[in-house]
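The next block is final_4.cif, given as mmCIF, C-alpha atoms.
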```cif
data_upload
loop_
_atom_site.label_atom_id
_atom_site.label_comp_id
_atom_site.auth_asym_id
_atom_site.auth_seq_id
_atom_site.Cartn_x
_atom_site.Cartn_y
_atom_site.Cartn_z
CA MET Z 189 -24.66 -22.32 -6.83
CA ILE Z 190 -22.07 -19.66 -5.93
CA ALA Z 191 -18.81 -20.95 -4.44
CA ILE Z 192 -17.16 -18.65 -1.89
CA VAL Z 193 -13.55 -19.73 -1.91
CA ASP Z 194 -12.09 -20.28 1.56
CA TYR Z 195 -8.30 -20.32 1.37
CA GLY Z 196 -7.75 -19.52 5.04
CA ALA Z 197 -7.66 -15.72 4.82
CA GLY Z 198 -9.90 -14.33 7.52
CA ASN Z 199 -13.55 -14.41 8.20
CA LEU Z 200 -15.96 -15.22 5.39
CA ASN Z 201 -19.15 -15.17 7.45
CA SER Z 202 -20.10 -11.65 6.42
CA VAL Z 203 -19.83 -12.41 2.71
CA LYS Z 204 -21.90 -15.56 3.05
CA LYS Z 205 -24.47 -13.77 5.20
CA ALA Z 206 -24.98 -11.07 2.55
CA PHE Z 207 -25.57 -13.64 -0.21
CA ASP Z 208 -27.89 -15.59 2.11
CA TYR Z 209 -29.87 -12.40 2.73
CA LEU Z 210 -30.26 -11.97 -1.03
CA GLY Z 211 -31.60 -15.51 -1.30
CA ALA Z 212 -28.63 -16.72 -3.38
CA LYS Z 213 -27.50 -20.32 -3.06
CA VAL Z 214 -23.95 -20.19 -1.74
CA VAL Z 215 -21.40 -22.58 -0.35
CA VAL Z 216 -18.20 -21.68 1.47
CA THR Z 217 -15.61 -24.19 0.35
CA THR Z 218 -11.97 -25.17 0.64
CA GLN Z 219 -12.37 -27.82 -2.10
CA PRO Z 220 -11.22 -27.31 -5.72
CA GLU Z 221 -13.95 -29.76 -6.81
CA ALA Z 222 -16.68 -27.59 -5.30
CA VAL Z 223 -15.26 -24.54 -7.08
CA ALA Z 224 -15.24 -26.50 -10.36
CA ALA Z 225 -18.86 -27.53 -9.82
CA ALA Z 226 -20.16 -24.01 -9.04
CA ASP Z 227 -21.87 -21.66 -11.51
CA LYS Z 228 -20.23 -18.56 -10.07
CA ILE Z 229 -17.08 -17.98 -8.04
CA VAL Z 230 -16.47 -15.42 -5.30
CA LEU Z 231 -12.91 -14.89 -4.08
CA PRO Z 232 -13.01 -12.81 -0.87
CA GLY Z 233 -10.08 -11.97 1.33
CA VAL Z 234 -8.79 -9.45 3.78
CA GLY Z 235 -5.39 -8.89 5.27
CA HIS Z 236 -1.97 -9.41 3.72
CA PHE Z 237 -1.42 -10.26 0.05
CA SER Z 238 0.69 -13.25 1.15
CA ALA Z 239 -2.54 -14.86 2.41
CA LEU Z 240 -3.21 -15.59 -1.26
CA GLY Z 241 -0.46 -18.18 -0.91
CA GLY Z 242 -3.28 -20.30 0.53
CA LEU Z 243 -4.71 -20.50 -3.00
CA ASP Z 244 -1.46 -21.76 -4.45
CA ASN Z 245 -0.91 -24.49 -1.86
CA THR Z 246 -4.31 -26.09 -2.01
CA GLY Z 247 -5.13 -26.58 -5.68
CA LEU Z 248 -7.69 -23.81 -5.42
CA ARG Z 249 -5.73 -21.48 -7.69
CA GLY Z 250 -6.07 -23.85 -10.64
CA ALA Z 251 -9.77 -24.42 -10.00
CA VAL Z 252 -10.47 -20.68 -9.73
CA LEU Z 253 -8.48 -19.80 -12.85
CA GLN Z 254 -10.05 -22.61 -14.83
CA GLY Z 255 -13.54 -21.46 -13.86
CA ALA Z 256 -12.72 -17.86 -14.74
CA ARG Z 257 -11.28 -18.86 -18.13
CA ALA Z 258 -14.31 -21.02 -18.83
CA GLY Z 259 -16.48 -17.89 -18.56
CA LYS Z 260 -18.02 -18.41 -15.12
CA PRO Z 261 -18.93 -15.12 -13.47
CA PHE Z 262 -16.13 -14.36 -11.02
CA LEU Z 263 -16.15 -11.73 -8.27
CA GLY Z 264 -12.97 -10.85 -6.37
CA ILE Z 265 -13.48 -8.85 -3.18
CA CYS Z 266 -10.68 -6.75 -1.63
CA LEU Z 267 -7.60 -9.03 -1.75
CA GLY Z 268 -9.54 -11.19 -4.21
CA MET Z 269 -9.74 -8.18 -6.53
CA GLN Z 270 -6.05 -7.36 -6.10
CA TRP Z 271 -5.28 -10.96 -7.06
CA LEU Z 272 -6.67 -10.24 -10.54
CA PHE Z 273 -3.65 -7.98 -11.15
CA GLU Z 274 -0.06 -9.13 -11.72
CA GLY Z 275 0.97 -8.92 -8.10
CA SER Z 276 1.41 -6.63 -5.13
CA ASP Z 277 4.37 -4.85 -3.57
CA GLU Z 278 2.97 -6.14 -0.27
CA ALA Z 279 4.22 -9.66 -1.06
CA PRO Z 280 6.32 -9.63 -4.25
CA GLU Z 281 6.98 -13.38 -3.96
CA PHE Z 282 3.35 -14.19 -4.80
CA THR Z 283 1.98 -13.73 -8.30
CA GLY Z 284 -1.54 -12.67 -9.06
CA ALA Z 285 -3.74 -14.01 -11.82
CA GLY Z 286 -2.44 -11.33 -14.20
CA ILE Z 287 -5.84 -10.85 -15.85
CA PHE Z 288 -5.31 -7.09 -15.48
CA ALA Z 289 -2.01 -5.33 -16.10
CA GLY Z 290 -0.19 -3.58 -13.29
CA ARG Z 291 0.72 -4.15 -9.69
CA CYS Z 292 -0.88 -3.17 -6.40
CA ARG Z 293 1.07 -0.51 -4.54
CA PRO Z 294 0.88 1.33 -1.21
CA PHE Z 295 -0.91 4.67 -0.94
CA PRO Z 296 1.07 7.88 -1.41
CA SER Z 297 2.79 9.04 1.78
CA SER Z 298 0.57 12.15 1.78
CA VAL Z 299 -2.30 10.13 3.29
CA LYS Z 300 -2.65 7.86 6.32
CA SER Z 301 -2.60 4.14 5.67
CA PRO Z 302 -4.62 1.95 5.85
CA HIS Z 303 -7.54 3.53 4.00
CA VAL Z 304 -10.46 2.75 6.29
CA GLY Z 305 -14.00 4.01 5.94
CA TRP Z 306 -16.67 5.06 3.49
CA ASN Z 307 -15.53 6.60 0.23
CA SER Z 308 -17.49 7.57 -2.87
CA LEU Z 309 -17.48 5.82 -6.23
CA ALA Z 310 -16.62 7.86 -9.32
CA VAL Z 311 -18.12 6.01 -12.25
CA ARG Z 312 -15.86 5.93 -15.34
CA GLU Z 313 -17.51 3.42 -17.63
CA SER Z 314 -20.83 1.69 -17.94
CA SER Z 315 -20.91 -0.89 -15.15
CA ARG Z 316 -23.02 -4.00 -14.81
CA LEU Z 317 -22.28 -4.18 -11.08
CA LEU Z 318 -23.54 -0.61 -10.60
CA ARG Z 319 -26.89 -1.13 -12.32
CA ASN Z 320 -29.50 0.96 -10.42
CA VAL Z 321 -26.80 2.27 -8.04
CA ALA Z 322 -26.96 6.06 -7.60
CA PRO Z 323 -23.93 8.04 -8.81
CA ASP Z 324 -21.39 8.97 -6.11
CA SER Z 325 -22.67 6.25 -3.77
CA PHE Z 326 -20.52 5.43 -0.76
CA VAL Z 327 -18.91 2.07 -0.08
CA TYR Z 328 -16.83 0.74 2.83
CA TYR Z 329 -13.10 0.17 2.39
CA THR Z 330 -10.36 -1.23 4.57
CA HIS Z 331 -7.03 -1.83 2.81
CA SER Z 332 -3.38 -0.77 2.74
CA PHE Z 333 -2.58 -1.46 -0.92
CA GLN Z 334 -4.43 -0.29 -4.01
CA ALA Z 335 -4.81 -1.43 -7.59
CA PRO Z 336 -4.11 0.98 -10.45
CA VAL Z 337 -6.78 2.41 -12.72
CA VAL Z 338 -6.81 0.32 -15.92
CA ALA Z 339 -8.98 0.03 -19.03
CA ALA Z 340 -11.30 -2.38 -17.17
CA THR Z 341 -11.82 0.08 -14.30
CA THR Z 342 -15.51 1.01 -14.30
CA ALA Z 343 -15.39 3.01 -11.06
CA ALA Z 344 -12.58 4.62 -9.11
CA SER Z 345 -12.22 6.12 -5.66
CA GLU Z 346 -9.86 8.87 -4.54
CA TYR Z 347 -7.47 8.55 -1.62
CA GLY Z 348 -4.21 10.37 -2.16
CA ALA Z 349 -4.70 9.45 -5.82
CA GLN Z 350 -7.27 7.57 -7.87
CA PHE Z 351 -7.33 3.79 -7.60
CA SER Z 352 -9.53 1.03 -9.00
CA ALA Z 353 -12.74 0.58 -7.01
CA ILE Z 354 -14.39 -1.76 -9.54
CA VAL Z 355 -12.92 -3.65 -12.48
CA GLU Z 356 -15.09 -5.48 -14.99
CA GLN Z 357 -14.16 -7.42 -18.10
CA GLU Z 358 -16.56 -9.94 -19.60
CA ASN Z 359 -17.18 -12.50 -16.82
CA ILE Z 360 -14.50 -11.12 -14.49
CA PHE Z 361 -15.48 -8.63 -11.77
CA GLY Z 362 -13.49 -7.20 -8.89
CA VAL Z 363 -14.32 -4.74 -6.11
CA GLN Z 364 -11.73 -3.26 -3.76
CA PHE Z 365 -14.35 -2.30 -1.18
CA HIS Z 366 -16.51 -4.63 0.93
CA PRO Z 367 -19.97 -4.84 -0.64
CA GLU Z 368 -21.10 -7.09 2.22
CA LYS Z 369 -20.44 -4.15 4.58
CA SER Z 370 -21.63 -1.32 2.34
CA TRP Z 371 -25.28 -1.23 3.40
CA THR Z 372 -27.94 -1.10 0.68
CA VAL Z 373 -25.46 -0.01 -2.00
CA GLY Z 374 -23.32 -3.08 -1.36
CA LEU Z 375 -26.27 -5.44 -1.32
CA LEU Z 376 -27.41 -4.04 -4.67
CA ILE Z 377 -23.95 -4.62 -6.14
CA LEU Z 378 -23.97 -8.23 -4.92
CA LYS Z 379 -27.48 -8.67 -6.29
CA ASN Z 380 -26.30 -7.40 -9.66
CA PHE Z 381 -23.49 -9.96 -9.58
CA CYS Z 382 -25.97 -12.71 -8.76
CA GLU Z 383 -27.98 -11.68 -11.83
CA VAL Z 384 -25.05 -11.54 -14.27
CA MET I 73 -13.43 11.45 -0.86
CA LEU I 74 -12.94 9.48 2.33
CA THR I 75 -15.62 10.52 4.80
CA LYS I 76 -15.54 10.92 8.58
CA ARG I 77 -17.32 8.03 10.25
CA ILE I 78 -20.09 8.33 12.83
CA ILE I 79 -20.12 5.22 14.98
CA ALA I 80 -22.98 4.24 17.25
CA CYS I 81 -21.88 2.37 20.36
CA LEU I 82 -24.10 -0.05 22.23
CA ASP I 83 -22.97 -0.76 25.78
CA VAL I 84 -24.47 -4.13 26.63
CA ASP I 85 -24.97 -5.73 30.02
CA ASP I 86 -26.52 -9.17 30.24
CA GLY I 87 -27.98 -8.94 26.74
CA ARG I 88 -29.48 -5.45 27.03
CA VAL I 89 -28.24 -2.04 25.88
CA VAL I 90 -27.40 0.26 28.78
CA LYS I 91 -25.44 3.47 29.09
CA GLY I 92 -24.03 5.10 32.14
CA VAL I 93 -22.66 8.49 32.95
CA GLN I 94 -18.97 7.94 33.65
CA PHE I 95 -19.63 4.21 33.89
CA HIS I 96 -22.35 4.53 36.56
CA ASN I 97 -26.15 5.05 36.71
CA LEU I 98 -27.01 2.64 33.93
CA ARG I 99 -30.26 3.14 32.02
CA ASP I 100 -31.91 0.55 29.81
CA ALA I 101 -32.04 1.55 26.15
CA GLY I 102 -33.31 -1.67 24.71
CA ASP I 103 -32.49 -4.65 22.63
CA PRO I 104 -29.05 -4.63 20.90
CA ALA I 105 -30.21 -6.08 17.57
CA ASP I 106 -33.08 -3.57 17.34
CA CYS I 107 -30.86 -0.65 18.35
CA ALA I 108 -28.15 -1.62 15.83
CA ALA I 109 -30.63 -1.93 12.96
CA ALA I 110 -32.26 1.40 13.89
CA HIS I 111 -28.90 3.15 13.96
CA ALA I 112 -27.93 1.64 10.58
CA ARG I 113 -31.19 2.91 9.06
CA ASP I 114 -30.55 6.34 10.60
CA GLY I 115 -27.18 6.53 8.84
CA ALA I 116 -24.65 5.13 11.31
CA ASP I 117 -21.44 4.20 9.51
CA GLU I 118 -20.56 1.43 11.95
CA ILE I 119 -21.84 -0.26 15.07
CA VAL I 120 -19.70 -1.02 18.10
CA LEU I 121 -21.08 -3.37 20.72
CA LEU I 122 -19.28 -3.33 24.06
CA ASP I 123 -19.98 -6.02 26.63
CA ILE I 124 -19.46 -3.90 29.73
CA THR I 125 -19.76 -6.65 32.28
CA ALA I 126 -18.16 -9.49 30.36
CA THR I 127 -18.07 -11.93 33.22
CA SER I 128 -17.43 -15.47 32.10
CA ASP I 129 -20.92 -16.78 32.95
CA LYS I 130 -22.43 -14.24 30.58
CA ARG I 131 -20.24 -15.04 27.57
CA ARG I 132 -22.83 -17.31 26.01
CA THR I 133 -25.51 -14.62 26.31
CA MET I 134 -23.12 -12.22 24.66
CA LEU I 135 -22.34 -14.51 21.72
CA ASP I 136 -26.07 -14.96 21.13
CA VAL I 137 -26.49 -11.18 21.16
CA VAL I 138 -23.61 -10.78 18.69
CA SER I 139 -25.09 -13.38 16.40
CA ARG I 140 -28.60 -11.86 16.47
CA THR I 141 -27.23 -8.34 15.97
CA ALA I 142 -24.96 -9.35 13.08
CA ARG I 143 -27.66 -11.22 11.18
CA GLY I 144 -29.34 -8.26 9.52
CA LEU I 145 -26.52 -5.74 9.78
CA PHE I 146 -24.66 -4.92 6.57
CA ILE I 147 -22.31 -2.25 7.91
CA PRO I 148 -19.09 -2.86 9.85
CA PHE I 149 -19.72 -4.39 13.25
CA THR I 150 -17.18 -4.33 16.09
CA VAL I 151 -17.50 -6.28 19.33
CA GLY I 152 -15.48 -5.68 22.48
CA GLY I 153 -15.43 -6.57 26.14
CA GLY I 154 -14.08 -9.65 27.79
CA ILE I 155 -11.81 -10.75 24.94
CA ARG I 156 -8.78 -12.10 26.74
CA GLU I 157 -7.25 -14.55 24.30
CA LEU I 158 -7.31 -15.65 20.67
CA SER I 159 -10.05 -18.22 21.28
CA ASP I 160 -12.37 -15.51 22.68
CA ALA I 161 -11.78 -13.47 19.53
CA GLU I 162 -12.43 -16.50 17.32
CA ALA I 163 -15.78 -17.11 19.03
CA VAL I 164 -16.83 -13.49 18.50
CA PHE I 165 -15.82 -13.53 14.81
CA GLU I 166 -17.60 -16.83 14.40
CA ALA I 167 -20.74 -15.22 15.85
CA GLY I 168 -20.61 -12.54 13.15
CA ALA I 169 -18.35 -9.66 14.24
CA ASP I 170 -16.20 -7.98 11.58
CA LYS I 171 -13.75 -6.51 14.09
CA ILE I 172 -12.98 -7.07 17.74
CA ALA I 173 -11.96 -4.44 20.28
CA ILE I 174 -9.46 -5.37 22.97
CA ASN I 175 -8.43 -3.22 25.88
CA SER I 176 -7.15 -4.69 29.17
CA ALA I 177 -5.92 -7.92 27.60
CA ALA I 178 -3.82 -6.01 25.08
CA VAL I 179 -2.22 -3.90 27.81
CA LYS I 180 -1.41 -7.07 29.73
CA ASP I 181 -0.09 -8.89 26.67
CA PRO I 182 0.54 -6.68 23.61
CA LYS I 183 1.44 -9.81 21.59
CA LEU I 184 -2.26 -10.70 21.62
CA ILE I 185 -2.80 -7.88 19.09
CA GLY I 186 -0.42 -9.53 16.62
CA LYS I 187 -1.85 -12.99 17.25
CA ILE I 188 -5.38 -11.92 16.37
CA ALA I 189 -4.13 -9.79 13.44
CA ALA I 190 -2.19 -12.75 12.03
CA ARG I 191 -5.35 -14.86 11.98
CA PHE I 192 -7.99 -12.29 10.99
CA GLY I 193 -6.00 -9.35 9.57
CA SER I 194 -5.07 -6.03 11.18
CA GLN I 195 -8.26 -4.44 9.87
CA ALA I 196 -10.17 -6.69 12.30
CA VAL I 197 -8.29 -5.59 15.42
CA VAL I 198 -9.30 -2.40 17.22
CA VAL I 199 -7.30 -1.51 20.31
CA ALA I 200 -9.47 0.39 22.78
CA ILE I 201 -7.69 2.80 25.08
CA ASP I 202 -9.35 4.43 28.09
CA ALA I 203 -7.36 7.50 29.09
CA ARG I 204 -7.63 10.13 31.80
CA ARG I 205 -5.72 13.39 32.27
CA ALA I 206 -2.96 13.01 34.85
CA ASN I 207 0.23 14.94 35.58
CA GLY I 208 0.08 16.97 32.39
CA GLY I 209 -0.39 13.87 30.22
CA PHE I 210 -2.92 11.11 29.66
CA GLU I 211 -2.80 7.90 31.67
CA VAL I 212 -4.15 4.54 30.45
CA PHE I 213 -6.75 2.82 32.64
CA VAL I 214 -7.93 -0.80 32.32
CA ALA I 215 -10.70 -3.01 33.66
CA GLY I 216 -13.51 -0.71 32.55
CA GLY I 217 -11.70 2.36 33.79
CA ARG I 218 -11.17 1.03 37.30
CA ILE I 219 -7.42 0.35 37.34
CA PRO I 220 -4.71 2.90 36.52
CA THR I 221 -1.70 1.46 34.71
CA GLY I 222 0.81 4.29 34.97
CA ARG I 223 1.21 4.05 31.20
CA ASP I 224 1.13 7.02 28.85
CA ALA I 225 -1.73 6.87 26.33
CA LEU I 226 0.31 8.29 23.44
CA GLN I 227 3.11 5.75 23.89
CA TRP I 228 0.65 2.88 24.26
CA ALA I 229 -1.20 3.91 21.09
CA ARG I 230 2.10 3.90 19.15
CA GLU I 231 3.04 0.50 20.56
CA ALA I 232 -0.41 -0.95 19.76
CA ALA I 233 -0.11 0.28 16.17
CA ASP I 234 3.36 -1.26 15.88
CA CYS I 235 1.98 -4.56 17.23
CA GLY I 236 -0.53 -4.74 14.39
CA ALA I 237 -3.64 -2.88 15.55
CA GLY I 238 -5.85 -1.70 12.69
CA GLU I 239 -7.54 1.16 14.53
CA ILE I 240 -7.43 2.90 17.91
CA LEU I 241 -10.67 3.51 19.81
CA LEU I 242 -9.70 6.31 22.16
CA THR I 243 -12.02 7.12 25.07
CA SER I 244 -11.59 10.13 27.29
CA MET I 245 -12.69 8.96 30.73
CA ASP I 246 -12.87 12.58 31.86
CA ARG I 247 -15.51 13.30 29.22
CA ASP I 248 -17.29 9.95 28.96
CA GLY I 249 -21.02 10.37 29.54
CA THR I 250 -20.76 14.09 30.29
CA GLN I 251 -21.94 15.34 26.85
CA ALA I 252 -19.45 18.20 27.39
CA GLY I 253 -17.60 17.56 24.11
CA PHE I 254 -14.76 15.27 23.04
CA ASP I 255 -11.29 15.79 24.48
CA CYS I 256 -9.86 17.20 21.24
CA GLU I 257 -6.37 17.61 22.66
CA LEU I 258 -6.12 13.93 23.58
CA VAL I 259 -7.50 12.85 20.20
CA GLN I 260 -5.22 15.18 18.26
CA ILE I 261 -1.96 14.09 19.88
CA VAL I 262 -2.78 10.42 19.31
CA ALA I 263 -4.15 10.93 15.77
CA ASP I 264 -0.99 12.80 14.80
CA ALA I 265 1.26 10.13 16.29
CA VAL I 266 -0.10 7.01 14.59
CA SER I 267 -0.84 6.25 10.94
CA ILE I 268 -3.84 4.02 11.71
CA PRO I 269 -7.31 5.56 12.11
CA VAL I 270 -8.29 6.98 15.48
CA ILE I 271 -11.89 6.81 16.68
CA ALA I 272 -12.68 9.52 19.21
CA SER I 273 -14.97 8.58 22.07
CA GLY I 274 -16.31 10.16 25.23
CA GLY I 275 -18.17 13.43 25.60
CA ALA I 276 -20.37 13.73 22.49
CA GLY I 277 -23.30 16.00 23.23
CA SER I 278 -23.96 18.18 20.18
CA PRO I 279 -23.20 18.37 16.45
CA GLN I 280 -20.62 21.07 17.18
CA HIS I 281 -18.67 18.58 19.31
CA PHE I 282 -18.35 16.29 16.28
CA ILE I 283 -17.28 19.20 14.06
CA ASP I 284 -14.65 20.13 16.66
CA VAL I 285 -13.22 16.63 17.02
CA PHE I 286 -12.95 16.16 13.25
CA ARG I 287 -11.44 19.62 12.63
CA ASN I 288 -9.34 20.20 15.75
CA GLY I 289 -8.89 16.66 17.00
CA ARG I 290 -8.19 15.30 13.50
CA ALA I 291 -10.21 12.20 14.37
CA ASP I 292 -10.98 9.76 11.56
CA ALA I 293 -14.19 8.66 13.23
CA ALA I 294 -16.25 9.62 16.25
CA LEU I 295 -18.25 7.35 18.48
CA ALA I 296 -21.17 8.09 20.72
CA ALA I 297 -23.61 6.02 22.69
CA SER I 298 -25.98 7.79 25.03
CA ILE I 299 -26.97 10.67 22.79
CA PHE I 300 -28.14 8.33 20.06
CA HIS I 301 -30.24 6.01 22.23
CA PHE I 302 -32.66 8.42 23.81
CA GLY I 303 -33.47 10.53 20.77
CA ILE I 304 -31.38 13.48 21.92
CA GLU I 305 -29.56 13.41 18.60
CA ASN I 306 -30.60 11.50 15.53
CA ILE I 307 -27.67 10.34 13.39
CA GLY I 308 -29.35 11.56 10.20
CA GLN I 309 -29.79 15.04 11.67
CA LEU I 310 -26.22 15.01 12.93
CA LYS I 311 -24.93 14.07 9.47
CA ARG I 312 -26.98 16.81 7.80
CA GLU I 313 -25.40 19.34 10.15
CA LEU I 314 -21.89 17.99 9.54
CA HIS I 315 -22.51 18.07 5.79
CA ALA I 316 -23.69 21.68 6.04
CA ALA I 317 -20.48 22.50 7.94
CA ASN I 318 -18.41 20.97 5.09
CA VAL I 319 -17.28 17.97 7.12
CA PRO I 320 -17.19 15.08 4.62
CA VAL I 321 -19.72 12.46 5.71
CA ARG I 322 -21.62 9.62 4.07
CA TRP I 323 -24.78 11.57 3.43
CA PRO I 324 -27.24 10.93 1.93
CA CYS I 325 -26.73 7.23 2.44
#
```

Now, as a test, write the supplied structure out as structure tokens.
Amino acid sequence: MIAIVDYGAGNLNSVKKAFDYLGAKVVVTTQPEAVAAADKIVLPGVGHFSALGGLDNTGLRGAVLQGARAGKPFLGICLGMQWLFEGSDEAPEFTGAGIFAGRCRPFPSSVKSPHVGWNSLAVRESSRLLRNVAPDSFVYYTHSFQAPVVAATTAASEYGAQFSAIVEQENIFGVQFHPEKSWTVGLLILKNFCEV
Amino acid sequence: MLTKRIIACLDVDDGRVVKGVQFHNLRDAGDPADCAAAHARDGADEIVLLDITATSDKRRTMLDVVSRTARGLFIPFTVGGGIRELSDAEAVFEAGADKIAINSAAVKDPKLIGKIAARFGSQAVVVAIDARRANGGFEVFVAGGRIPTGRDALQWAREAADCGAGEILLTSMDRDGTQAGFDCELVQIVADAVSIPVIASGGAGSPQHFIDVFRNGRADAALAASIFHFGIENIGQLKRELHAANVPVRWPC
């Protein structure tokens, strides 16, 4: 069972629908107990980094971190990926999980923000999420802040500068784009996560 | 590299896709779920579904259509028409939309933009603006293009962005349905004035029109309805031509 963590940030229907389509057993939950009982954890999220405050106030943060530390496959999507870093300039009062070093920052002023649309993936390292995905495939983004490229970055995208598109380290995975909205490429990435 | 988006628009009346020339002479182009899936397979980057009648007795029909269309669609899906308050938006999101488009209701109450953005994020709020050339500028019309507001489109786009809109869907009423090309001047002045993406709409008729609106209009995305429904222009063919003209597009996809 995959737990999709619902901490009150936006609309999780699309994420659930994509896993349903793949035949995965998923539950959307607000309960720390359900997160603890799941085999895999998905942390979605769109909008403002402060929405992650919903994790802190509900006991979900502890359940998610505990699961991740125990080696359960974890996938952060968009804000959920940014949460894996130390924090974000978007809401400095909230701290991320700090699994990856660095902070999320706005895009350079040379480009429009938010970054909305389909951008290509530049693969940097061997990636389990990108198994059978063609090089330079396009994925759908919508975000105003971006995570830095770090040692765990397996794919980057370019918008004003390079930023982390995918991070992977042992059981921890994060994608800045929306795989549930990235057509067949996105479904393949989610399928690869299901099979980790 | 960020690519220019090609968005297929389905104008829906009472559960069926229709498209008029300048909002009249509607023709039936089929079932919304089938059309959306076909466009996605052809290479559409997004689907926009506009409920062009949006009378209250048809809301339930519309939510069913949204739900059926969303089920097998794994690209961004925007729904507009008849969204007057937060609860309308909630119902549409619940049915499976990723973004909502609001037009008349936002002009009437710009705070609605922020209310929906606070609940679902700015990325989920598209403000649709219907504009027509008037007195050397561009005037905003509401109620499906029927009612002039006296408001300037450029100023309204700026205000909508400040209120928390995630994108602007900008339709030239002068060009809508004519297939005479996008109004690049309108698109360019708005695209240069706001930092959020601008989707150009109204007037698509040939691949060159898309090249023009991306190059000269500086549009982030371009939307078309009628040309894609009747086989006049296949999205895959359009993207091949844009790619050949060095416009960055998601192709092959």

Using all atoms listed in the file, find all polymer residues with an atom at most 12 Å away from the point (-30.6, 12.8, 19.8); report them as a JSON list (two decimals) with C-alpha atoms, keeping the file's coordinate frame.
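Saved to point-v8.json:
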```json
[["chain", "number", "residue", "atom", "x", "y", "z"],
["I", 80, "ALA", "CA", -22.98, 4.24, 17.25],
["I", 111, "HIS", "CA", -28.90, 3.15, 13.96],
["I", 114, "ASP", "CA", -30.55, 6.34, 10.60],
["I", 251, "GLN", "CA", -21.94, 15.34, 26.85],
["I", 276, "ALA", "CA", -20.37, 13.73, 22.49],
["I", 277, "GLY", "CA", -23.30, 16.00, 23.23],
["I", 278, "SER", "CA", -23.96, 18.18, 20.18],
["I", 279, "PRO", "CA", -23.20, 18.37, 16.45],
["I", 296, "ALA", "CA", -21.17, 8.09, 20.72],
["I", 297, "ALA", "CA", -23.61, 6.02, 22.69],
["I", 298, "SER", "CA", -25.98, 7.79, 25.03],
["I", 299, "ILE", "CA", -26.97, 10.67, 22.79],
["I", 300, "PHE", "CA", -28.14, 8.33, 20.06],
["I", 301, "HIS", "CA", -30.24, 6.01, 22.23],
["I", 302, "PHE", "CA", -32.66, 8.42, 23.81],
["I", 303, "GLY", "CA", -33.47, 10.53, 20.77],
["I", 304, "ILE", "CA", -31.38, 13.48, 21.92],
["I", 305, "GLU", "CA", -29.56, 13.41, 18.60],
["I", 306, "ASN", "CA", -30.60, 11.50, 15.53],
["I", 307, "ILE", "CA", -27.67, 10.34, 13.39],
["I", 308, "GLY", "CA", -29.35, 11.56, 10.20],
["I", 309, "GLN", "CA", -29.79, 15.04, 11.67],
["I", 310, "LEU", "CA", -26.22, 15.01, 12.93],
["I", 311, "LYS", "CA", -24.93, 14.07, 9.47]]
```

Inset, instruction - Identify all chain Z residues at most 8 Å from chain I by counting only C-alpha atoms; ligands do not count. Present them as a PyMOL selection string. - result: chain Z and resi 197-199+201-202+205-206+209+234-236+300-302+304-308+325-326+330-331+345-347+368-372

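Around Leu158 of chain I, within 9 Å and counting only C-alpha atoms, the residues found are Ala163, Leu184, Lys187, Ile188 and Arg191 of chain I, once anything fewer than 5 positions away on its own chain is removed.
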
Inset, instruction - Tell me, as a PyMOL selection string, which residues lie within 12 Å of segment 241-254 of chain Z, counting all atoms listed in the file; anything in the same chain fewer than 5 positions away does not count. - result: chain Z and resi 191-198+217-233+236+259-264+267-268+271-272+275+279-287+360

Inset, instruction - List the residues matched by the PyMOL selection byres ((chain Z and resi 381) around 8) in the displayed structure as JSON, numbers by chain, ordered by chain and then by residue number. - result: {"Z": [261, 263, 316, 317, 377, 378, 379, 380, 382, 383, 384]}

Saved selection, atoms kept: C-alpha atoms, as a PDB file, in the frame of the given file:
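What landed in selection.pdb:
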```
ATOM      1  CA  PRO Z 261     -18.930 -15.120 -13.470  1.00  0.00           C
ATOM      2  CA  LEU Z 263     -16.150 -11.730  -8.270  1.00  0.00           C
ATOM      3  CA  ARG Z 316     -23.020  -4.000 -14.810  1.00  0.00           C
ATOM      4  CA  LEU Z 317     -22.280  -4.180 -11.080  1.00  0.00           C
ATOM      5  CA  ILE Z 377     -23.950  -4.620  -6.140  1.00  0.00           C
ATOM      6  CA  LEU Z 378     -23.970  -8.230  -4.920  1.00  0.00           C
ATOM      7  CA  LYS Z 379     -27.480  -8.670  -6.290  1.00  0.00           C
ATOM      8  CA  ASN Z 380     -26.300  -7.400  -9.660  1.00  0.00           C
ATOM      9  CA  CYS Z 382     -25.970 -12.710  -8.760  1.00  0.00           C
ATOM     10  CA  GLU Z 383     -27.980 -11.680 -11.830  1.00  0.00           C
ATOM     11  CA  VAL Z 384     -25.050 -11.540 -14.270  1.00  0.00           C
TER      12      VAL Z 384
END
```

Legend entry - Residue nearest Met269 of chain Z - candidates Z:Ala212, Z:Ala256, Z:Val363, Z:Leu375, atoms counted: only C-alpha atoms: Z:Val363

Val214 of chain Z surroundings by all atoms listed in the file, 9 Å radius, close-in-sequence under 5 positions cut, as an mmCIF file with C-alpha atoms, keeping the file's coordinate frame:
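That gives us out.cif:
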```cif
data_model
loop_
_atom_site.group_PDB
_atom_site.id
_atom_site.type_symbol
_atom_site.label_atom_id
_atom_site.label_comp_id
_atom_site.auth_asym_id
_atom_site.auth_seq_id
_atom_site.Cartn_x
_atom_site.Cartn_y
_atom_site.Cartn_z
ATOM 1 C CA MET Z 189 -24.660 -22.320 -6.830
ATOM 2 C CA ILE Z 190 -22.070 -19.660 -5.930
ATOM 3 C CA ALA Z 191 -18.810 -20.950 -4.440
ATOM 4 C CA ILE Z 192 -17.160 -18.650 -1.890
ATOM 5 C CA LYS Z 204 -21.900 -15.560 3.050
ATOM 6 C CA PHE Z 207 -25.570 -13.640 -0.210
ATOM 7 C CA ASP Z 208 -27.890 -15.590 2.110
#
```
